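Asks: My file is work.txt. It has compact mmCIF, N, CA and C atoms and all ligand atoms:
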# COMPACT_ATOMS: atom_id res chain seq x y z
N MET P 88 21.55 -25.43 1.10
CA MET P 88 20.90 -26.74 0.96
C MET P 88 19.89 -26.66 -0.18
N ASP P 89 20.31 -27.05 -1.40
CA ASP P 89 19.41 -26.82 -2.53
C ASP P 89 18.33 -27.89 -2.72
N THR P 90 18.41 -28.98 -1.93
CA THR P 90 17.36 -30.00 -2.05
C THR P 90 16.25 -29.76 -1.04
N PHE P 91 16.43 -28.72 -0.24
CA PHE P 91 15.44 -28.43 0.79
C PHE P 91 14.11 -28.00 0.18
N GLU P 92 13.05 -28.73 0.51
CA GLU P 92 11.71 -28.36 0.06
C GLU P 92 10.90 -28.00 1.30
N PRO P 93 10.66 -26.73 1.50
CA PRO P 93 9.97 -26.31 2.72
C PRO P 93 8.52 -26.80 2.78
N GLN P 94 8.08 -26.96 4.00
CA GLN P 94 6.67 -27.27 4.22
C GLN P 94 6.04 -26.00 4.78
N ILE P 95 5.02 -25.57 4.09
CA ILE P 95 4.40 -24.29 4.44
C ILE P 95 2.90 -24.51 4.63
N VAL P 96 2.38 -23.92 5.70
CA VAL P 96 0.94 -24.03 5.96
C VAL P 96 0.33 -22.65 5.74
N ALA P 97 -0.74 -22.62 4.94
CA ALA P 97 -1.43 -21.35 4.66
C ALA P 97 -2.84 -21.43 5.23
N PHE P 98 -3.12 -20.56 6.18
CA PHE P 98 -4.47 -20.48 6.74
C PHE P 98 -5.23 -19.46 5.89
N CYS P 99 -6.20 -19.95 5.11
CA CYS P 99 -6.87 -19.10 4.12
C CYS P 99 -8.36 -18.92 4.41
N CYS P 100 -8.79 -17.69 4.36
CA CYS P 100 -10.21 -17.37 4.50
C CYS P 100 -10.96 -17.91 3.28
N LYS P 101 -12.10 -18.53 3.51
CA LYS P 101 -12.82 -19.15 2.38
C LYS P 101 -13.38 -18.11 1.40
N TYR P 102 -13.61 -16.90 1.88
CA TYR P 102 -14.22 -15.88 1.01
C TYR P 102 -13.22 -15.23 0.05
N CYS P 103 -11.95 -15.29 0.40
CA CYS P 103 -10.99 -14.60 -0.47
C CYS P 103 -9.84 -15.50 -0.88
N ALA P 104 -8.90 -15.75 0.03
CA ALA P 104 -7.69 -16.49 -0.36
C ALA P 104 -8.01 -17.90 -0.86
N TYR P 105 -8.95 -18.56 -0.19
CA TYR P 105 -9.27 -19.93 -0.62
C TYR P 105 -9.92 -19.89 -2.01
N ALA P 106 -10.81 -18.92 -2.20
CA ALA P 106 -11.45 -18.76 -3.51
C ALA P 106 -10.40 -18.35 -4.56
N ALA P 107 -9.44 -17.53 -4.15
CA ALA P 107 -8.37 -17.12 -5.07
C ALA P 107 -7.51 -18.32 -5.45
N ALA P 108 -7.32 -19.25 -4.51
CA ALA P 108 -6.55 -20.46 -4.80
C ALA P 108 -7.30 -21.30 -5.83
N ASP P 109 -8.62 -21.37 -5.68
CA ASP P 109 -9.47 -22.08 -6.65
C ASP P 109 -9.33 -21.45 -8.03
N LEU P 110 -9.38 -20.12 -8.03
CA LEU P 110 -9.28 -19.38 -9.29
C LEU P 110 -7.92 -19.64 -9.94
N ALA P 111 -6.88 -19.63 -9.11
CA ALA P 111 -5.54 -19.89 -9.65
C ALA P 111 -5.52 -21.27 -10.30
N GLY P 112 -6.22 -22.21 -9.67
CA GLY P 112 -6.30 -23.56 -10.22
C GLY P 112 -7.05 -23.56 -11.56
N SER P 113 -8.19 -22.85 -11.60
CA SER P 113 -8.97 -22.80 -12.86
C SER P 113 -8.18 -22.10 -13.96
N MET P 114 -7.35 -21.15 -13.55
CA MET P 114 -6.55 -20.42 -14.55
C MET P 114 -5.29 -21.20 -14.92
N ARG P 115 -5.16 -22.36 -14.31
CA ARG P 115 -3.99 -23.23 -14.53
C ARG P 115 -2.68 -22.52 -14.20
N LEU P 116 -2.74 -21.72 -13.14
CA LEU P 116 -1.52 -21.04 -12.70
C LEU P 116 -0.76 -21.98 -11.77
N ALA P 117 0.48 -22.17 -12.06
CA ALA P 117 1.27 -23.07 -11.22
C ALA P 117 1.74 -22.33 -9.98
N TYR P 118 1.66 -23.00 -8.85
CA TYR P 118 2.28 -22.48 -7.64
C TYR P 118 2.89 -23.66 -6.89
N PRO P 119 3.89 -23.41 -6.05
CA PRO P 119 4.63 -24.51 -5.44
C PRO P 119 3.74 -25.44 -4.62
N PRO P 120 3.99 -26.73 -4.75
CA PRO P 120 3.21 -27.72 -3.99
C PRO P 120 3.58 -27.74 -2.50
N ASN P 121 4.54 -26.90 -2.13
CA ASN P 121 4.99 -26.84 -0.74
C ASN P 121 3.92 -26.28 0.19
N VAL P 122 2.95 -25.57 -0.39
CA VAL P 122 1.95 -24.88 0.42
C VAL P 122 0.73 -25.77 0.64
N LYS P 123 0.44 -26.03 1.91
CA LYS P 123 -0.75 -26.80 2.27
C LYS P 123 -1.77 -25.82 2.83
N ILE P 124 -2.97 -25.86 2.27
CA ILE P 124 -3.98 -24.88 2.63
C ILE P 124 -4.93 -25.40 3.71
N VAL P 125 -5.16 -24.57 4.70
CA VAL P 125 -6.18 -24.85 5.71
C VAL P 125 -7.26 -23.79 5.53
N GLN P 126 -8.47 -24.23 5.25
CA GLN P 126 -9.55 -23.27 5.00
C GLN P 126 -10.19 -22.83 6.32
N LEU P 127 -10.42 -21.53 6.41
CA LEU P 127 -11.07 -20.96 7.60
C LEU P 127 -12.31 -20.18 7.15
N PRO P 128 -13.31 -20.08 8.02
CA PRO P 128 -14.49 -19.26 7.66
C PRO P 128 -14.15 -17.77 7.62
N CYS P 129 -13.08 -17.39 8.29
CA CYS P 129 -12.58 -16.00 8.34
C CYS P 129 -11.24 -16.09 9.04
N THR P 130 -10.29 -15.24 8.66
CA THR P 130 -8.98 -15.33 9.32
C THR P 130 -9.07 -14.92 10.79
N GLY P 131 -10.16 -14.24 11.15
CA GLY P 131 -10.37 -13.89 12.56
C GLY P 131 -10.42 -15.13 13.44
N ARG P 132 -10.70 -16.29 12.81
CA ARG P 132 -10.79 -17.53 13.57
C ARG P 132 -9.43 -18.16 13.83
N VAL P 133 -8.40 -17.66 13.16
CA VAL P 133 -7.09 -18.26 13.38
C VAL P 133 -6.63 -17.86 14.79
N ASP P 134 -5.95 -18.78 15.41
CA ASP P 134 -5.53 -18.56 16.78
C ASP P 134 -4.00 -18.55 16.84
N ILE P 135 -3.47 -17.83 17.80
CA ILE P 135 -2.02 -17.82 18.01
C ILE P 135 -1.54 -19.26 18.19
N PHE P 136 -2.34 -20.03 18.89
CA PHE P 136 -2.02 -21.44 19.15
C PHE P 136 -1.89 -22.22 17.83
N HIS P 137 -2.79 -21.97 16.86
CA HIS P 137 -2.72 -22.67 15.57
C HIS P 137 -1.40 -22.37 14.87
N LEU P 138 -1.01 -21.12 14.91
CA LEU P 138 0.21 -20.69 14.20
C LEU P 138 1.44 -21.30 14.85
N LEU P 139 1.49 -21.21 16.18
CA LEU P 139 2.65 -21.76 16.88
C LEU P 139 2.69 -23.29 16.79
N THR P 140 1.52 -23.92 16.82
CA THR P 140 1.49 -25.38 16.73
C THR P 140 1.97 -25.84 15.36
N ALA P 141 1.60 -25.10 14.31
CA ALA P 141 2.07 -25.47 12.96
C ALA P 141 3.60 -25.46 12.93
N ILE P 142 4.20 -24.44 13.53
CA ILE P 142 5.67 -24.35 13.57
C ILE P 142 6.23 -25.49 14.43
N GLU P 143 5.60 -25.67 15.57
CA GLU P 143 6.07 -26.72 16.49
C GLU P 143 5.97 -28.10 15.84
N ASP P 144 4.94 -28.29 15.01
CA ASP P 144 4.75 -29.59 14.36
C ASP P 144 5.63 -29.76 13.12
N GLY P 145 6.46 -28.77 12.84
CA GLY P 145 7.45 -28.96 11.78
C GLY P 145 7.28 -28.13 10.54
N ALA P 146 6.28 -27.25 10.49
CA ALA P 146 6.17 -26.38 9.31
C ALA P 146 7.36 -25.43 9.30
N ASP P 147 7.92 -25.20 8.13
CA ASP P 147 9.05 -24.27 8.01
C ASP P 147 8.56 -22.83 7.87
N GLY P 148 7.33 -22.69 7.43
CA GLY P 148 6.74 -21.36 7.27
C GLY P 148 5.23 -21.46 7.40
N VAL P 149 4.63 -20.37 7.83
CA VAL P 149 3.18 -20.33 8.02
C VAL P 149 2.70 -18.97 7.56
N TYR P 150 1.59 -18.93 6.84
CA TYR P 150 1.00 -17.61 6.58
C TYR P 150 -0.51 -17.65 6.66
N VAL P 151 -1.03 -16.46 6.90
CA VAL P 151 -2.47 -16.28 7.00
C VAL P 151 -2.87 -15.38 5.85
N ALA P 152 -3.88 -15.78 5.09
CA ALA P 152 -4.32 -14.96 3.95
C ALA P 152 -5.80 -14.66 4.12
N GLY P 153 -6.08 -13.38 4.30
CA GLY P 153 -7.46 -12.96 4.54
C GLY P 153 -7.91 -11.94 3.52
N CYS P 154 -9.17 -11.53 3.69
CA CYS P 154 -9.78 -10.55 2.79
C CYS P 154 -9.01 -9.22 2.84
N LEU P 155 -9.23 -8.41 1.82
CA LEU P 155 -8.61 -7.09 1.78
C LEU P 155 -9.11 -6.29 2.98
N GLU P 156 -8.29 -5.34 3.43
CA GLU P 156 -8.69 -4.55 4.58
C GLU P 156 -9.99 -3.82 4.27
N GLY P 157 -10.93 -3.88 5.21
CA GLY P 157 -12.25 -3.26 5.00
C GLY P 157 -13.23 -4.19 4.31
N GLU P 158 -12.79 -5.37 3.88
CA GLU P 158 -13.67 -6.28 3.12
C GLU P 158 -13.99 -7.56 3.89
N CYS P 159 -13.52 -7.67 5.12
CA CYS P 159 -13.79 -8.89 5.89
C CYS P 159 -15.29 -9.01 6.13
N HIS P 160 -15.84 -10.21 5.89
CA HIS P 160 -17.28 -10.44 6.05
C HIS P 160 -17.69 -10.40 7.52
N PHE P 161 -16.71 -10.47 8.40
CA PHE P 161 -17.01 -10.40 9.83
C PHE P 161 -16.38 -9.14 10.43
N MET P 162 -16.34 -8.12 9.61
CA MET P 162 -15.88 -6.79 10.00
C MET P 162 -14.36 -6.68 10.23
N LYS P 163 -13.90 -7.20 11.36
CA LYS P 163 -12.50 -6.96 11.71
C LYS P 163 -11.68 -8.22 11.87
N GLY P 164 -12.17 -9.32 11.31
CA GLY P 164 -11.46 -10.60 11.47
C GLY P 164 -10.04 -10.52 10.95
N ASN P 165 -9.87 -9.88 9.79
CA ASN P 165 -8.52 -9.83 9.20
C ASN P 165 -7.59 -8.90 10.00
N PHE P 166 -8.15 -7.90 10.67
CA PHE P 166 -7.31 -7.03 11.52
C PHE P 166 -6.86 -7.81 12.75
N ARG P 167 -7.79 -8.61 13.29
CA ARG P 167 -7.43 -9.43 14.46
C ARG P 167 -6.36 -10.44 14.07
N ALA P 168 -6.52 -11.01 12.87
CA ALA P 168 -5.54 -12.00 12.39
C ALA P 168 -4.16 -11.35 12.27
N ARG P 169 -4.13 -10.14 11.73
CA ARG P 169 -2.83 -9.45 11.57
C ARG P 169 -2.16 -9.25 12.92
N LYS P 170 -2.96 -8.86 13.92
CA LYS P 170 -2.39 -8.66 15.27
C LYS P 170 -1.82 -9.97 15.80
N LYS P 171 -2.53 -11.07 15.56
CA LYS P 171 -2.04 -12.37 16.05
C LYS P 171 -0.75 -12.75 15.33
N VAL P 172 -0.70 -12.49 14.03
CA VAL P 172 0.53 -12.79 13.27
C VAL P 172 1.69 -11.96 13.83
N GLU P 173 1.43 -10.69 14.11
CA GLU P 173 2.49 -9.83 14.67
C GLU P 173 2.96 -10.37 16.02
N TYR P 174 2.00 -10.83 16.81
CA TYR P 174 2.35 -11.38 18.13
C TYR P 174 3.23 -12.62 17.98
N VAL P 175 2.84 -13.50 17.03
CA VAL P 175 3.61 -14.74 16.81
C VAL P 175 5.01 -14.40 16.30
N LYS P 176 5.10 -13.39 15.43
CA LYS P 176 6.43 -12.95 14.93
C LYS P 176 7.32 -12.56 16.12
N LYS P 177 6.73 -11.77 17.02
CA LYS P 177 7.50 -11.31 18.19
C LYS P 177 7.93 -12.49 19.06
N THR P 178 6.99 -13.42 19.26
CA THR P 178 7.29 -14.60 20.08
C THR P 178 8.42 -15.41 19.46
N LEU P 179 8.35 -15.62 18.14
CA LEU P 179 9.40 -16.39 17.46
C LEU P 179 10.75 -15.71 17.63
N ALA P 180 10.76 -14.38 17.44
CA ALA P 180 12.01 -13.64 17.57
C ALA P 180 12.60 -13.82 18.96
N GLU P 181 11.73 -13.80 19.97
CA GLU P 181 12.20 -13.99 21.36
C GLU P 181 12.78 -15.39 21.56
N LEU P 182 12.28 -16.34 20.76
CA LEU P 182 12.77 -17.72 20.87
C LEU P 182 13.98 -17.98 19.98
N GLY P 183 14.40 -16.94 19.26
CA GLY P 183 15.56 -17.09 18.37
C GLY P 183 15.21 -17.73 17.03
N ILE P 184 13.93 -17.69 16.67
CA ILE P 184 13.47 -18.23 15.38
C ILE P 184 13.12 -17.04 14.48
N GLU P 185 13.51 -17.11 13.21
CA GLU P 185 13.27 -15.99 12.30
C GLU P 185 11.78 -15.66 12.21
N PRO P 186 11.42 -14.41 12.55
CA PRO P 186 9.99 -14.03 12.49
C PRO P 186 9.44 -14.02 11.06
N GLU P 187 10.34 -13.98 10.07
CA GLU P 187 9.91 -13.97 8.66
C GLU P 187 9.26 -15.29 8.27
N ARG P 188 9.33 -16.26 9.14
CA ARG P 188 8.68 -17.55 8.83
C ARG P 188 7.17 -17.45 8.91
N VAL P 189 6.69 -16.36 9.47
CA VAL P 189 5.24 -16.16 9.60
C VAL P 189 4.86 -14.86 8.91
N GLU P 190 3.75 -14.88 8.18
CA GLU P 190 3.35 -13.66 7.46
C GLU P 190 1.84 -13.55 7.34
N MET P 191 1.40 -12.33 7.11
CA MET P 191 -0.03 -12.07 6.88
C MET P 191 -0.18 -11.43 5.51
N TYR P 192 -1.15 -11.89 4.74
CA TYR P 192 -1.43 -11.32 3.42
C TYR P 192 -2.93 -10.99 3.32
N ASN P 193 -3.23 -10.04 2.47
CA ASN P 193 -4.63 -9.71 2.21
C ASN P 193 -4.85 -9.76 0.70
N LEU P 194 -5.93 -10.39 0.30
CA LEU P 194 -6.24 -10.44 -1.13
C LEU P 194 -7.73 -10.68 -1.33
N SER P 195 -8.18 -10.54 -2.57
CA SER P 195 -9.60 -10.77 -2.85
C SER P 195 -9.74 -12.08 -3.61
N SER P 196 -10.99 -12.53 -3.73
CA SER P 196 -11.25 -13.81 -4.41
C SER P 196 -10.88 -13.73 -5.89
N ALA P 197 -10.81 -12.50 -6.43
CA ALA P 197 -10.49 -12.34 -7.85
C ALA P 197 -8.99 -12.36 -8.12
N MET P 198 -8.20 -12.46 -7.03
CA MET P 198 -6.75 -12.33 -7.19
C MET P 198 -6.04 -13.70 -7.26
N GLY P 199 -6.48 -14.51 -8.19
CA GLY P 199 -5.86 -15.83 -8.40
C GLY P 199 -4.36 -15.71 -8.66
N PRO P 200 -3.95 -14.83 -9.59
CA PRO P 200 -2.51 -14.69 -9.85
C PRO P 200 -1.74 -14.23 -8.61
N ARG P 201 -2.35 -13.37 -7.80
CA ARG P 201 -1.69 -12.92 -6.58
C ARG P 201 -1.53 -14.08 -5.60
N PHE P 202 -2.55 -14.95 -5.55
CA PHE P 202 -2.44 -16.11 -4.66
C PHE P 202 -1.22 -16.94 -5.05
N ALA P 203 -1.08 -17.20 -6.34
CA ALA P 203 0.05 -18.01 -6.83
C ALA P 203 1.38 -17.31 -6.52
N GLU P 204 1.37 -15.98 -6.67
CA GLU P 204 2.57 -15.18 -6.41
C GLU P 204 2.97 -15.27 -4.93
N ILE P 205 1.99 -15.18 -4.05
CA ILE P 205 2.25 -15.25 -2.60
C ILE P 205 2.83 -16.61 -2.24
N ALA P 206 2.24 -17.67 -2.81
CA ALA P 206 2.74 -19.03 -2.53
C ALA P 206 4.20 -19.14 -2.96
N GLN P 207 4.51 -18.55 -4.12
CA GLN P 207 5.88 -18.59 -4.63
C GLN P 207 6.81 -17.76 -3.74
N GLU P 208 6.31 -16.56 -3.37
CA GLU P 208 7.07 -15.63 -2.54
C GLU P 208 7.45 -16.28 -1.21
N MET P 209 6.48 -16.90 -0.56
CA MET P 209 6.74 -17.54 0.73
C MET P 209 7.67 -18.74 0.57
N THR P 210 7.48 -19.51 -0.50
CA THR P 210 8.35 -20.67 -0.72
C THR P 210 9.79 -20.21 -0.92
N ASP P 211 9.98 -19.17 -1.73
CA ASP P 211 11.33 -18.65 -1.97
C ASP P 211 11.95 -18.14 -0.66
N ARG P 212 11.13 -17.40 0.10
CA ARG P 212 11.62 -16.82 1.35
C ARG P 212 12.08 -17.92 2.31
N ILE P 213 11.25 -18.97 2.44
CA ILE P 213 11.57 -20.03 3.39
C ILE P 213 12.75 -20.86 2.88
N LYS P 214 12.84 -21.03 1.57
CA LYS P 214 14.01 -21.76 1.03
C LYS P 214 15.28 -21.03 1.41
N GLU P 215 15.21 -19.72 1.32
CA GLU P 215 16.36 -18.90 1.68
C GLU P 215 16.72 -19.03 3.16
N LEU P 216 15.69 -19.08 4.01
CA LEU P 216 15.93 -19.19 5.45
C LEU P 216 16.43 -20.59 5.84
N GLY P 217 16.04 -21.59 5.05
CA GLY P 217 16.42 -22.98 5.38
C GLY P 217 15.38 -23.62 6.29
N PRO P 218 15.61 -24.87 6.65
CA PRO P 218 14.64 -25.58 7.48
C PRO P 218 14.44 -24.89 8.83
N SER P 219 13.25 -25.02 9.35
CA SER P 219 12.96 -24.45 10.66
C SER P 219 13.85 -25.11 11.70
N PRO P 220 14.37 -24.32 12.64
CA PRO P 220 15.20 -24.92 13.69
C PRO P 220 14.39 -25.85 14.59
N VAL P 221 13.07 -25.74 14.51
CA VAL P 221 12.22 -26.58 15.34
C VAL P 221 12.07 -27.96 14.73
N ARG P 222 12.21 -27.99 13.42
CA ARG P 222 12.02 -29.25 12.68
C ARG P 222 13.14 -30.23 13.03
N THR P 223 12.78 -31.41 13.42
CA THR P 223 13.79 -32.39 13.77
C THR P 223 13.96 -33.42 12.67
N GLU P 224 12.86 -33.95 12.23
CA GLU P 224 12.87 -35.00 11.21
C GLU P 224 11.99 -34.53 10.07
N THR P 225 11.93 -35.33 9.01
CA THR P 225 10.98 -35.05 7.95
C THR P 225 9.59 -35.23 8.55
N VAL P 226 8.77 -34.23 8.35
CA VAL P 226 7.43 -34.28 8.96
C VAL P 226 6.47 -35.02 8.07
FE1 LIG P 301 -12.23 -13.12 4.97
FE2 LIG P 301 -12.78 -12.29 7.46
S1 LIG P 301 -14.16 -13.05 6.01
S2 LIG P 301 -10.85 -12.44 6.48
As C-alpha cells, please, write out the structure in this file.

Replies:
Amino acid sequence: MDTFEPQIVAFCCKYCAYAAADLAGSMRLAYPPNVKIVQLPCTGRVDIFHLLTAIEDGADGVYVAGCLEGECHFMKGNFRARKKVEYVKKTLAELGIEPERVEMYNLSSAMGPRFAEIAQEMTDRIKELGPSPVRTETV
C-alpha cells in the first residue's frame, strides 16, 4: 500500500529529544510530517497506559525519546521508560500486533540530525509494517 501515510506519536523529553527536534528545525533538516510530538518533562513520566492508548486511538507507531543513558535529569527516568516500552512490546506481541510498532530511543539535545534520522527510521519501519491492525478508520 504505497499511499499509506503512517501516524506516529513520539513522546519526547523536553531536555533532549524535544530540544533536538527544535535544533533539527533550526538546522532546516527535513523529517517526515507523520510524527506528532508530545513533550514530556522526562520520559520517566510516560506511562504504559499512554503508549497503549496511542495505539488504541489509531497511531500506527509510537516511540519514546529520552536523554542518553546516565544523562536523565531525574536520574533513572529514561531507564524506567525503556522498561515500560519493553513491557508494551511484549503486550502487543501477545495481542498479535507487531512489537516493532513501539520503540525507545536515547539522544541528546545536540543531536538534531539524529532526531530527524529517528523520525525517518520509524516512518520507514511503520510504512513497511502497514497500517496498525487496531486502526479502523482514518484517525
Ligand atoms: Fe530526559 Fe529524564 S530528563 S529522559

Asks: Could the residues of chain P that have an atom at most 8 Å from ligand LIG 301 (chain P) be listed as CSV, each with its closest atom pair and the distance in Å to one decimal, counting only N, CA and C atoms and all ligand atoms and ordered by chain and ascending residue number?

Replies:
residue,atom,partner,partner_atom,distance
P:Cys99,C,P:LIG301,FE1,7.0
P:Cys100,CA,P:LIG301,FE1,4.7
P:Lys101,N,P:LIG301,FE1,5.6
P:Tyr102,N,P:LIG301,FE1,5.1
P:Cys103,N,P:LIG301,FE1,5.1
P:Ala104,N,P:LIG301,FE1,6.5
P:Leu127,C,P:LIG301,FE1,7.4
P:Pro128,C,P:LIG301,S1,5.0
P:Cys129,CA,P:LIG301,FE2,3.8
P:Thr130,N,P:LIG301,S2,3.6
P:Gly131,N,P:LIG301,FE2,4.9
P:Arg132,N,P:LIG301,FE2,7.0
P:Ala152,C,P:LIG301,S2,6.0
P:Gly153,CA,P:LIG301,S2,3.9
P:Cys154,N,P:LIG301,S2,3.4
P:Leu155,N,P:LIG301,S2,6.4
P:Glu158,C,P:LIG301,S1,5.9
P:Cys159,CA,P:LIG301,FE2,3.9
P:His160,N,P:LIG301,S1,3.3
P:Phe161,N,P:LIG301,S1,4.3
P:Met162,N,P:LIG301,FE2,5.9
P:Lys163,C,P:LIG301,FE2,6.1
P:Gly164,CA,P:LIG301,FE2,4.5
P:Asn165,N,P:LIG301,S2,4.3
P:Phe166,N,P:LIG301,S2,6.7
P:Ala168,N,P:LIG301,S2,7.9

Asks: Region 119-225 of chain P: which residues are strand (DSSP E or B) by DSSP, as a ChimeraX atom specification?

Replies: /P:122-127,148-153,189-193

Asks: Keeping only N, CA and C atoms, take the residues you just selected and write them out as an mmCIF file, keeping the file's coordinate frame.

Replies:
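Final output, saved to result23.cif:
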data_model
loop_
_atom_site.group_PDB
_atom_site.id
_atom_site.type_symbol
_atom_site.label_atom_id
_atom_site.label_comp_id
_atom_site.auth_asym_id
_atom_site.auth_seq_id
_atom_site.Cartn_x
_atom_site.Cartn_y
_atom_site.Cartn_z
ATOM 1 N N VAL P 122 2.950 -25.570 -0.390
ATOM 2 C CA VAL P 122 1.950 -24.880 0.420
ATOM 3 C C VAL P 122 0.730 -25.770 0.640
ATOM 4 N N LYS P 123 0.440 -26.030 1.910
ATOM 5 C CA LYS P 123 -0.750 -26.800 2.270
ATOM 6 C C LYS P 123 -1.770 -25.820 2.830
ATOM 7 N N ILE P 124 -2.970 -25.860 2.270
ATOM 8 C CA ILE P 124 -3.980 -24.880 2.630
ATOM 9 C C ILE P 124 -4.930 -25.400 3.710
ATOM 10 N N VAL P 125 -5.160 -24.570 4.700
ATOM 11 C CA VAL P 125 -6.180 -24.850 5.710
ATOM 12 C C VAL P 125 -7.260 -23.790 5.530
ATOM 13 N N GLN P 126 -8.470 -24.230 5.250
ATOM 14 C CA GLN P 126 -9.550 -23.270 5.000
ATOM 15 C C GLN P 126 -10.190 -22.830 6.320
ATOM 16 N N LEU P 127 -10.420 -21.530 6.410
ATOM 17 C CA LEU P 127 -11.070 -20.960 7.600
ATOM 18 C C LEU P 127 -12.310 -20.180 7.150
ATOM 19 N N GLY P 148 7.330 -22.690 7.430
ATOM 20 C CA GLY P 148 6.740 -21.360 7.270
ATOM 21 C C GLY P 148 5.230 -21.460 7.400
ATOM 22 N N VAL P 149 4.630 -20.370 7.830
ATOM 23 C CA VAL P 149 3.180 -20.330 8.020
ATOM 24 C C VAL P 149 2.700 -18.970 7.560
ATOM 25 N N TYR P 150 1.590 -18.930 6.840
ATOM 26 C CA TYR P 150 1.000 -17.610 6.580
ATOM 27 C C TYR P 150 -0.510 -17.650 6.660
ATOM 28 N N VAL P 151 -1.030 -16.460 6.900
ATOM 29 C CA VAL P 151 -2.470 -16.280 7.000
ATOM 30 C C VAL P 151 -2.870 -15.380 5.850
ATOM 31 N N ALA P 152 -3.880 -15.780 5.090
ATOM 32 C CA ALA P 152 -4.320 -14.960 3.950
ATOM 33 C C ALA P 152 -5.800 -14.660 4.120
ATOM 34 N N GLY P 153 -6.080 -13.380 4.300
ATOM 35 C CA GLY P 153 -7.460 -12.960 4.540
ATOM 36 C C GLY P 153 -7.910 -11.940 3.520
ATOM 37 N N VAL P 189 6.690 -16.360 9.470
ATOM 38 C CA VAL P 189 5.240 -16.160 9.600
ATOM 39 C C VAL P 189 4.860 -14.860 8.910
ATOM 40 N N GLU P 190 3.750 -14.880 8.180
ATOM 41 C CA GLU P 190 3.350 -13.660 7.460
ATOM 42 C C GLU P 190 1.840 -13.550 7.340
ATOM 43 N N MET P 191 1.400 -12.330 7.110
ATOM 44 C CA MET P 191 -0.030 -12.070 6.880
ATOM 45 C C MET P 191 -0.180 -11.430 5.510
ATOM 46 N N TYR P 192 -1.150 -11.890 4.740
ATOM 47 C CA TYR P 192 -1.430 -11.320 3.420
ATOM 48 C C TYR P 192 -2.930 -10.990 3.320
ATOM 49 N N ASN P 193 -3.230 -10.040 2.470
ATOM 50 C CA ASN P 193 -4.630 -9.710 2.210
ATOM 51 C C ASN P 193 -4.850 -9.760 0.700
#

Asks: Considering only N, CA and C atoms, state which residue in the set P:Tyr150, P:Tyr118, P:Tyr105, P:Tyr174 is at the smallest distance from Ser196 (chain P).

Replies: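 Among the listed residues, P:Tyr105 lies closest to Ser196 (chain P).
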
Asks: So how far away is CA of Lys214 (chain P) from CA of Glu92 (chain P), in Å?

Replies: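 Interatomic distance here is 7.1 Å.
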
Asks: Go through P:Pro120, P:Ser219, P:Ala206, P:Met198 one by one, measure the shortest atom-to-atom distance of each to Ala106 (chain P) using only N, CA and C atoms, and give the residue with the smallest value.

Replies: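 Once distances to Ala106 (chain P) are computed over only N, CA and C atoms, the minimum belongs to P:Met198.
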
Asks: What residues have an atom no more than 6 Å from (0.5, -17.7, 17.1) in the file's own frame, counting all atoms listed in the file, and can you write them as an MDAnalysis selection string?

Replies: chainID P and resid 134:139 171 174:175

Asks: Between atom C of Ile205 (chain P) and atom N of Tyr192 (chain P), measure the distance and give it in Å to one decimal.

Replies: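 Computed distance, atom C of Ile205 (chain P) to atom N of Tyr192 (chain P), equals 9.3 Å.
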
Asks: Could you check which of P:Glu156, P:Ala97, P:Arg167, P:Ala180 is closest to Val122 (chain P), using all atoms listed in the file?

Replies: P:Ala97

Asks: State, in Å with one decimal place, the distance from atom C of Asn121 (chain P) to atom C of Lys176 (chain P).

Replies: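 Calculated distance between atom C of Asn121 (chain P) and atom C of Lys176 (chain P) is 21.3 Å.
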